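Data first, discussion second: the structure below is written as C-alpha coordinates.
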Amino acid sequence: MQSTQIHDVVTNEFGQVNDYIMSQLSSDIPLIEQIGYYIISNGGKRLRPLLVLLAARASADLDPDKLEKAIKMATIIEFIHTSTLLHDDVVDESDMRRGKKTANEEWGNAPSVLVGDFLYTRAFQLMVSINSMDCMAILAETTNIIAEGEVQQLINCGDPDTTEESYLKVIQYKTAKLFEGAALCGAVIADADKAHQTALQDYGMYVGTAFQLIDDVMDYTSTAEEMGKSVGDDLAEGKPTLPLIYTMKNGSQDAVDRVRQAILTGGLENLDAIITDVQACGAIEFTQQQAQQQADLAIQSIAILPESEYKQALIALANTAVKRKS
(Lines give C-alpha, C1' and ligand atoms only; values in the text may rest on other atoms or scores of the structure.)
Protein backbone atom coordinates (compact mmCIF):
# COMPACT_ATOMS: atom_id res chain seq x y z
CA MET A 1 0.00 0.00 0.00
CA GLN A 2 1.33 3.43 -0.97
CA SER A 3 1.54 6.15 1.67
CA THR A 4 -1.06 8.18 -0.21
CA GLN A 5 -3.53 5.31 0.19
CA ILE A 6 -3.35 5.16 3.98
CA HIS A 7 -6.05 7.78 4.47
CA ASP A 8 -8.16 6.30 1.69
CA VAL A 9 -9.25 3.29 3.73
CA VAL A 10 -10.92 5.57 6.28
CA THR A 11 -11.80 8.51 4.03
CA ASN A 12 -15.40 8.81 5.22
CA GLU A 13 -14.50 8.49 8.89
CA PHE A 14 -11.63 10.96 8.53
CA GLY A 15 -13.96 13.50 6.96
CA GLN A 16 -16.33 13.10 9.89
CA VAL A 17 -13.44 13.62 12.31
CA ASN A 18 -12.44 16.87 10.60
CA ASP A 19 -16.04 18.11 10.72
CA TYR A 20 -16.34 17.15 14.38
CA ILE A 21 -13.05 18.85 15.24
CA MET A 22 -14.31 22.11 13.80
CA SER A 23 -17.68 21.83 15.55
CA GLN A 24 -16.00 21.33 18.92
CA LEU A 25 -13.89 24.48 18.61
CA SER A 26 -16.97 26.60 19.27
CA SER A 27 -16.78 29.02 22.20
CA ASP A 28 -18.50 32.15 23.44
CA ILE A 29 -15.03 33.74 23.52
CA PRO A 30 -14.11 34.81 19.96
CA LEU A 31 -10.35 34.74 20.60
CA ILE A 32 -10.55 31.06 21.55
CA GLU A 33 -12.24 30.23 18.27
CA GLN A 34 -9.84 32.43 16.31
CA ILE A 35 -6.67 30.82 17.69
CA GLY A 36 -8.22 27.36 17.77
CA TYR A 37 -9.22 27.49 14.10
CA TYR A 38 -5.84 28.97 13.19
CA ILE A 39 -3.75 26.15 14.61
CA ILE A 40 -6.16 23.28 13.88
CA SER A 41 -6.56 24.40 10.27
CA ASN A 42 -2.86 25.05 9.79
CA GLY A 43 -1.99 21.85 7.95
CA GLY A 44 -0.68 18.92 9.92
CA LYS A 45 -0.87 15.25 9.05
CA ARG A 46 -3.51 14.28 11.63
CA LEU A 47 -1.53 11.06 12.17
CA ARG A 48 -2.72 10.54 15.71
CA PRO A 49 -6.46 10.72 14.95
CA LEU A 50 -5.78 8.60 11.86
CA LEU A 51 -4.21 6.02 14.14
CA VAL A 52 -7.34 5.90 16.31
CA LEU A 53 -9.48 5.15 13.26
CA LEU A 54 -7.13 2.55 11.79
CA ALA A 55 -6.67 0.78 15.14
CA ALA A 56 -10.41 0.62 15.73
CA ARG A 57 -11.16 -0.58 12.19
CA ALA A 58 -8.33 -3.13 12.28
CA SER A 59 -9.75 -4.55 15.50
CA ALA A 60 -13.39 -5.16 14.54
CA ASP A 61 -16.35 -4.14 12.45
CA LEU A 62 -17.72 -0.98 14.05
CA ASP A 63 -21.42 -0.53 14.69
CA PRO A 64 -22.76 3.06 14.55
CA ASP A 65 -22.25 3.59 18.30
CA LYS A 66 -18.62 2.44 18.22
CA LEU A 67 -17.95 4.45 15.09
CA GLU A 68 -19.28 7.59 16.78
CA LYS A 69 -17.02 6.92 19.76
CA ALA A 70 -14.03 6.39 17.46
CA ILE A 71 -14.67 9.73 15.77
CA LYS A 72 -14.93 11.44 19.16
CA MET A 73 -11.75 9.73 20.34
CA ALA A 74 -9.86 10.81 17.22
CA THR A 75 -10.95 14.39 17.95
CA ILE A 76 -9.86 14.07 21.58
CA ILE A 77 -6.42 12.89 20.54
CA GLU A 78 -6.04 15.76 18.07
CA PHE A 79 -7.07 18.31 20.71
CA ILE A 80 -4.58 16.92 23.22
CA HIS A 81 -1.85 16.99 20.57
CA THR A 82 -2.70 20.54 19.50
CA SER A 83 -2.71 21.78 23.09
CA THR A 84 0.81 20.38 23.56
CA LEU A 85 1.94 22.18 20.37
CA LEU A 86 0.61 25.50 21.66
CA HIS A 87 2.41 25.04 24.96
CA ASP A 88 5.60 23.74 23.30
CA ASP A 89 5.88 26.76 21.03
CA VAL A 90 5.66 29.08 24.02
CA VAL A 91 8.27 27.12 26.00
CA ASP A 92 10.59 26.89 22.98
CA GLU A 93 9.91 30.49 21.89
CA SER A 94 9.21 29.17 18.38
CA ASP A 95 8.09 31.59 15.71
CA MET A 96 7.16 29.20 12.89
CA ARG A 97 5.27 25.91 12.64
CA ARG A 98 4.02 24.18 9.50
CA GLY A 99 5.27 27.07 7.43
CA LYS A 100 3.24 29.73 9.23
CA LYS A 101 3.68 31.94 12.28
CA THR A 102 3.08 30.15 15.56
CA ALA A 103 0.09 31.24 17.61
CA ASN A 104 2.39 32.77 20.24
CA GLU A 105 4.15 34.79 17.55
CA GLU A 106 0.81 35.97 16.18
CA TRP A 107 -1.12 36.61 19.42
CA GLY A 108 1.40 36.37 22.26
CA ASN A 109 2.27 33.80 24.90
CA ALA A 110 -0.63 34.24 27.30
CA PRO A 111 -3.45 33.68 24.77
CA SER A 112 -1.59 30.68 23.32
CA VAL A 113 -1.20 28.99 26.69
CA LEU A 114 -4.81 29.66 27.64
CA VAL A 115 -6.23 28.39 24.35
CA GLY A 116 -4.04 25.33 24.78
CA ASP A 117 -5.73 24.85 28.16
CA PHE A 118 -9.13 25.22 26.49
CA LEU A 119 -8.36 22.49 23.94
CA TYR A 120 -7.02 20.23 26.67
CA THR A 121 -10.10 20.64 28.85
CA ARG A 122 -12.44 20.31 25.86
CA ALA A 123 -10.75 16.99 25.16
CA PHE A 124 -11.66 15.81 28.65
CA GLN A 125 -15.25 17.00 28.22
CA LEU A 126 -15.48 14.82 25.12
CA MET A 127 -13.82 11.95 26.97
CA VAL A 128 -16.61 11.98 29.55
CA SER A 129 -19.21 11.79 26.77
CA ILE A 130 -17.64 8.55 25.47
CA ASN A 131 -18.34 7.00 28.89
CA SER A 132 -15.35 4.65 28.91
CA MET A 133 -13.42 4.44 32.15
CA ASP A 134 -10.74 2.41 30.35
CA CYS A 135 -10.13 5.22 27.86
CA MET A 136 -10.24 7.81 30.66
CA ALA A 137 -7.57 5.85 32.54
CA ILE A 138 -5.42 5.48 29.42
CA LEU A 139 -5.51 9.16 28.55
CA ALA A 140 -5.12 10.33 32.15
CA GLU A 141 -1.87 8.36 32.29
CA THR A 142 -0.90 9.45 28.78
CA THR A 143 -1.27 13.18 29.43
CA ASN A 144 0.57 12.90 32.75
CA ILE A 145 3.51 11.13 31.13
CA ILE A 146 3.60 13.67 28.29
CA ALA A 147 3.96 16.41 30.91
CA GLU A 148 6.81 14.50 32.55
CA GLY A 149 8.52 14.18 29.19
CA GLU A 150 8.23 17.91 28.60
CA VAL A 151 9.87 18.64 31.94
CA GLN A 152 12.64 16.10 31.34
CA GLN A 153 13.34 17.66 27.95
CA LEU A 154 13.60 21.04 29.63
CA ILE A 155 16.11 19.57 32.07
CA ASN A 156 18.12 18.06 29.23
CA CYS A 157 18.29 21.32 27.26
CA GLY A 158 21.76 22.79 27.50
CA ASP A 159 23.23 19.53 28.80
CA PRO A 160 25.75 18.04 26.34
CA ASP A 161 26.21 15.02 28.63
CA THR A 162 22.65 13.82 28.09
CA THR A 163 22.74 10.08 27.42
CA GLU A 164 21.06 8.22 24.59
CA GLU A 165 18.88 6.50 27.19
CA SER A 166 17.70 9.82 28.60
CA TYR A 167 17.00 11.13 25.10
CA LEU A 168 14.95 8.04 24.21
CA LYS A 169 12.97 8.35 27.42
CA VAL A 170 12.08 11.93 26.53
CA ILE A 171 10.82 11.09 23.04
CA GLN A 172 8.92 8.05 24.28
CA TYR A 173 7.23 10.17 26.97
CA LYS A 174 6.82 13.39 25.02
CA THR A 175 5.87 12.08 21.57
CA ALA A 176 5.40 8.32 21.36
CA LYS A 177 3.10 8.08 24.38
CA LEU A 178 0.27 9.87 22.56
CA PHE A 179 0.66 7.55 19.55
CA GLU A 180 0.44 4.66 21.99
CA GLY A 181 -2.66 6.10 23.66
CA ALA A 182 -4.32 6.74 20.29
CA ALA A 183 -3.82 3.18 19.08
CA LEU A 184 -4.83 1.63 22.40
CA CYS A 185 -7.98 3.72 22.74
CA GLY A 186 -8.98 2.77 19.20
CA ALA A 187 -8.69 -0.89 20.14
CA VAL A 188 -10.57 -0.40 23.42
CA ILE A 189 -13.46 1.38 21.70
CA ALA A 190 -13.71 -1.52 19.23
CA ASP A 191 -13.85 -4.00 22.16
CA ALA A 192 -10.74 -5.78 20.92
CA ASP A 193 -9.44 -8.61 23.07
CA LYS A 194 -6.52 -7.97 25.40
CA ALA A 195 -3.93 -9.49 23.07
CA HIS A 196 -4.98 -7.20 20.23
CA GLN A 197 -5.08 -4.19 22.56
CA THR A 198 -1.51 -4.92 23.67
CA ALA A 199 -0.40 -5.39 20.06
CA LEU A 200 -1.79 -2.01 19.04
CA GLN A 201 -0.47 -0.32 22.17
CA ASP A 202 3.04 -1.59 21.34
CA TYR A 203 2.57 -0.57 17.71
CA GLY A 204 1.75 3.00 18.75
CA MET A 205 4.83 3.30 20.96
CA TYR A 206 7.15 1.97 18.27
CA VAL A 207 5.69 4.11 15.48
CA GLY A 208 5.73 7.24 17.65
CA THR A 209 9.38 6.66 18.54
CA ALA A 210 10.29 6.14 14.88
CA PHE A 211 8.39 9.28 13.94
CA GLN A 212 10.30 11.45 16.43
CA LEU A 213 13.67 9.96 15.50
CA ILE A 214 13.09 10.98 11.89
CA ASP A 215 11.85 14.38 13.05
CA ASP A 216 15.21 14.86 14.75
CA VAL A 217 17.06 13.73 11.63
CA MET A 218 15.22 16.27 9.49
CA ASP A 219 16.61 19.13 11.55
CA TYR A 220 19.93 18.38 9.81
CA THR A 221 18.78 17.10 6.41
CA SER A 222 15.70 19.09 5.34
CA THR A 223 15.01 22.66 4.31
CA ALA A 224 12.82 25.07 6.24
CA GLU A 225 10.19 24.76 3.52
CA GLU A 226 10.11 20.97 3.83
CA MET A 227 9.89 21.01 7.63
CA GLY A 228 7.66 24.05 8.01
CA LYS A 229 10.00 25.41 10.68
CA SER A 230 13.45 26.95 10.84
CA VAL A 231 16.47 24.76 10.17
CA GLY A 232 18.47 24.13 13.34
CA ASP A 233 15.60 24.82 15.75
CA ASP A 234 16.64 21.94 18.03
CA LEU A 235 20.22 23.16 18.11
CA ALA A 236 19.12 26.73 18.77
CA GLU A 237 17.22 25.49 21.82
CA GLY A 238 20.19 23.42 23.05
CA LYS A 239 18.32 20.13 22.64
CA PRO A 240 20.68 17.14 22.68
CA THR A 241 18.93 14.93 20.10
CA LEU A 242 20.26 11.56 18.93
CA PRO A 243 22.16 12.89 15.86
CA LEU A 244 24.05 15.26 18.16
CA ILE A 245 24.63 12.66 20.88
CA TYR A 246 26.03 10.27 18.26
CA THR A 247 28.26 12.99 16.82
CA MET A 248 29.72 13.70 20.25
CA LYS A 249 30.57 10.00 20.57
CA ASN A 250 31.90 9.38 17.09
CA GLY A 251 32.84 12.70 15.48
CA SER A 252 36.22 14.39 15.26
CA GLN A 253 37.44 16.38 18.24
CA ASP A 254 36.57 19.61 16.43
CA ALA A 255 33.06 18.28 15.80
CA VAL A 256 32.67 17.26 19.44
CA ASP A 257 33.78 20.68 20.61
CA ARG A 258 31.43 22.48 18.22
CA VAL A 259 28.40 20.38 19.18
CA ARG A 260 29.08 20.60 22.92
CA GLN A 261 29.43 24.36 22.75
CA ALA A 262 26.27 24.73 20.67
CA ILE A 263 24.24 22.65 23.15
CA LEU A 264 25.66 24.59 26.09
CA THR A 265 24.91 27.98 24.60
CA GLY A 266 21.98 27.21 22.32
CA GLY A 267 23.59 29.11 19.48
CA LEU A 268 23.52 28.74 15.71
CA GLU A 269 26.85 30.40 14.99
CA ASN A 270 28.34 27.10 13.75
CA LEU A 271 25.16 25.60 12.28
CA ASP A 272 26.59 24.91 8.82
CA ALA A 273 29.70 23.27 10.26
CA ILE A 274 27.63 21.18 12.68
CA ILE A 275 25.33 19.98 9.90
CA THR A 276 28.47 18.87 8.05
CA ASP A 277 29.80 17.21 11.23
CA VAL A 278 26.55 15.32 11.82
CA GLN A 279 26.40 14.09 8.25
CA ALA A 280 30.11 13.20 8.05
CA CYS A 281 30.28 10.95 11.12
CA GLY A 282 27.32 8.74 10.23
CA ALA A 283 24.90 10.19 12.77
CA ILE A 284 22.12 10.54 10.20
CA GLU A 285 22.41 6.95 9.03
CA PHE A 286 22.60 5.68 12.62
CA THR A 287 19.47 7.57 13.67
CA GLN A 288 17.62 6.42 10.55
CA GLN A 289 18.59 2.83 11.36
CA GLN A 290 17.23 3.22 14.87
CA ALA A 291 13.98 4.58 13.42
CA GLN A 292 13.74 1.67 10.98
CA GLN A 293 14.20 -0.79 13.85
CA GLN A 294 11.29 0.83 15.66
CA ALA A 295 9.13 0.68 12.53
CA ASP A 296 10.00 -2.99 12.05
CA LEU A 297 9.03 -3.71 15.67
CA ALA A 298 5.74 -1.88 15.11
CA ILE A 299 4.94 -4.07 12.11
CA GLN A 300 5.91 -7.23 13.98
CA SER A 301 3.71 -6.28 16.93
CA ILE A 302 0.51 -6.30 14.85
CA ALA A 303 1.22 -9.61 13.11
CA ILE A 304 -1.52 -11.20 15.24
CA LEU A 305 -4.22 -8.87 13.89
CA PRO A 306 -6.54 -10.36 11.26
CA GLU A 307 -5.67 -9.50 7.68
CA SER A 308 -7.51 -6.42 6.41
CA GLU A 309 -6.95 -3.24 4.46
CA TYR A 310 -6.74 -1.45 7.82
CA LYS A 311 -3.88 -3.66 8.97
CA GLN A 312 -2.11 -2.98 5.68
CA ALA A 313 -2.62 0.74 6.23
CA LEU A 314 -1.01 0.43 9.68
CA ILE A 315 1.97 -1.34 8.10
CA ALA A 316 2.21 1.39 5.45
CA LEU A 317 2.00 4.06 8.16
CA ALA A 318 4.96 2.51 10.00
CA ASN A 319 7.02 2.47 6.81
CA THR A 320 6.00 6.03 5.95
CA ALA A 321 7.12 7.24 9.38
CA VAL A 322 10.75 6.52 8.49
CA LYS A 323 10.67 7.54 4.81
CA ARG A 324 9.07 10.96 5.14
CA LYS A 325 10.85 14.21 4.33
CA SER A 326 8.46 16.56 6.11
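By convention here, the chains of the C-alpha coordinates are called A, B, ... in the order presented, each chain's residues are numbered starting at 1, and ligands are numbered starting at 1 in the order presented.
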Taking 3 positions as the minimum chain separation for residues in the same chain, which residues sit within 12 Å of A:Asn144 when counting only C-alpha atoms? Answer as a list of chain:residue names.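 Those residues are A:Ile80, A:Thr84, A:Ala137, A:Ile138, A:Leu139, A:Ala140, A:Glu141, A:Ala147, A:Glu148, A:Gly149, A:Glu150, A:Val151, A:Tyr173, A:Lys174, A:Lys177, A:Leu178, A:Gly181.
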Counting only C-alpha atoms, what are the residues of stretch 160-203 of chain A within 12 Å of stretch 125-131 of chain A, and for each of them which pair of atoms is the nearest and at what distance in Å, to one decimal? Sort the table by chain and rising number, as a Markdown table.
| residue | atom | partner | partner_atom | distance |
| --- | --- | --- | --- | --- |
| A:Cys185 | CA | A:Met127 | CA | 11.0 |
| A:Val188 | CA | A:Ile130 | CA | 11.6 |
| A:Ile189 | CA | A:Ile130 | CA | 9.1 |
Which one of A:Gln253, A:Gln16, A:Ser326, A:Thr82 sits closest to A:Tyr37 if you count only C-alpha atoms? A:Thr82
Using only C-alpha atoms, find the one residue out of A:Gly238, A:Pro30, A:Gly251, A:Gly186 that sits nearest to A:Ile77.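 Checking each of A:Gly238, A:Pro30, A:Gly251, A:Gly186 against A:Ile77, counting only C-alpha atoms, the winner is A:Gly186.
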Could you check the closest approach to A:Tyr38 for each of A:Thr75, A:Thr142, A:Thr11, A:Ser112 and tell me which residue wins, using only C-alpha atoms? A:Ser112
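The smallest atom-to-atom distance between A:Val52 and any of A:Leu271, A:Ile32, A:Leu85, A:Val17, using only C-alpha atoms, is found for A:Val17.
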May I have a table of the residues of stretch 175-275 of chain A lying at most 12 Å from stretch 58-61 of chain A, giving each one's closest pair of atoms and their distance in Å to one decimal, counting only C-alpha atoms, ordered by chain and ascending residue number, as CSV?
residue,atom,partner,partner_atom,distance
A:Ala183,CA,A:Ala58,CA,10.3
A:Leu184,CA,A:Ser59,CA,10.5
A:Cys185,CA,A:Ser59,CA,11.1
A:Gly186,CA,A:Ser59,CA,8.2
A:Ala187,CA,A:Ser59,CA,6.0
A:Val188,CA,A:Ser59,CA,9.0
A:Ile189,CA,A:Ser59,CA,9.4
A:Ala190,CA,A:Ala60,CA,6.0
A:Asp191,CA,A:Ala60,CA,7.7
A:Ala192,CA,A:Ser59,CA,5.6
A:Asp193,CA,A:Ser59,CA,8.6
A:Lys194,CA,A:Ser59,CA,11.0
A:Ala195,CA,A:Ser59,CA,10.7
A:His196,CA,A:Ser59,CA,7.2
A:Gln197,CA,A:Ser59,CA,8.5
A:Thr198,CA,A:Ser59,CA,11.6
A:Ala199,CA,A:Ser59,CA,10.4
A:Leu200,CA,A:Ser59,CA,9.1
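Counting only C-alpha atoms and comparing A:Ala273, A:Ile39, A:Val170, A:Val91, the residue that lies closest to A:Arg258 is A:Ala273.
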Hey, what's within 10 Å of stretch 281-297 of chain A if we count only C-alpha atoms and toss same-chain stuff fewer than 4 positions away? As a ChimeraX atom specification, please? /A:202-214,216-218,220-221,241-252,255,275-277,301-302,315-323
Give me every strand (DSSP E or B) residue in stretch 14-131 of chain A, going by DSSP on the backbone, as a list of chain:residue names. A:Met96, A:Arg97, A:Lys100, A:Lys101
Write the residues you've just listed into a file as a CSV table (one decimal), in the first residue's frame, and include N, CA, C and O atoms for each of them.
chain,number,residue,atom,x,y,z
A,96,MET,N,7.7,29.8,14.1
A,96,MET,CA,7.2,29.2,12.9
A,96,MET,C,6.8,27.7,13.1
A,96,MET,O,7.6,27.0,13.7
A,97,ARG,N,5.7,27.3,12.6
A,97,ARG,CA,5.3,25.9,12.6
A,97,ARG,C,4.4,25.7,11.4
A,97,ARG,O,3.6,26.4,11.1
A,100,LYS,N,3.9,28.5,8.9
A,100,LYS,CA,3.2,29.7,9.2
A,100,LYS,C,3.7,30.2,10.6
A,100,LYS,O,4.3,29.4,11.4
A,101,LYS,N,3.4,31.4,10.9
A,101,LYS,CA,3.7,31.9,12.3
A,101,LYS,C,3.0,31.1,13.3
A,101,LYS,O,1.9,30.6,13.2
Run DSSP on the backbone and give me the residues of stretch 36-75 of chain A it puts in helix (DSSP H, G or I), as a VMD selection string. chain A and resid 36 to 40 47 to 59 64 to 75
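Considering only C-alpha atoms, the residue among A:Phe179, A:Asp28, A:Ala313, A:Asp272 positioned nearest to A:Ile146 is A:Phe179.
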Report, in Å to a single decimal, how far apart atom CA of A:Ile71 and atom CA of A:Pro49 are.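 A separation of 8.3 Å between them.
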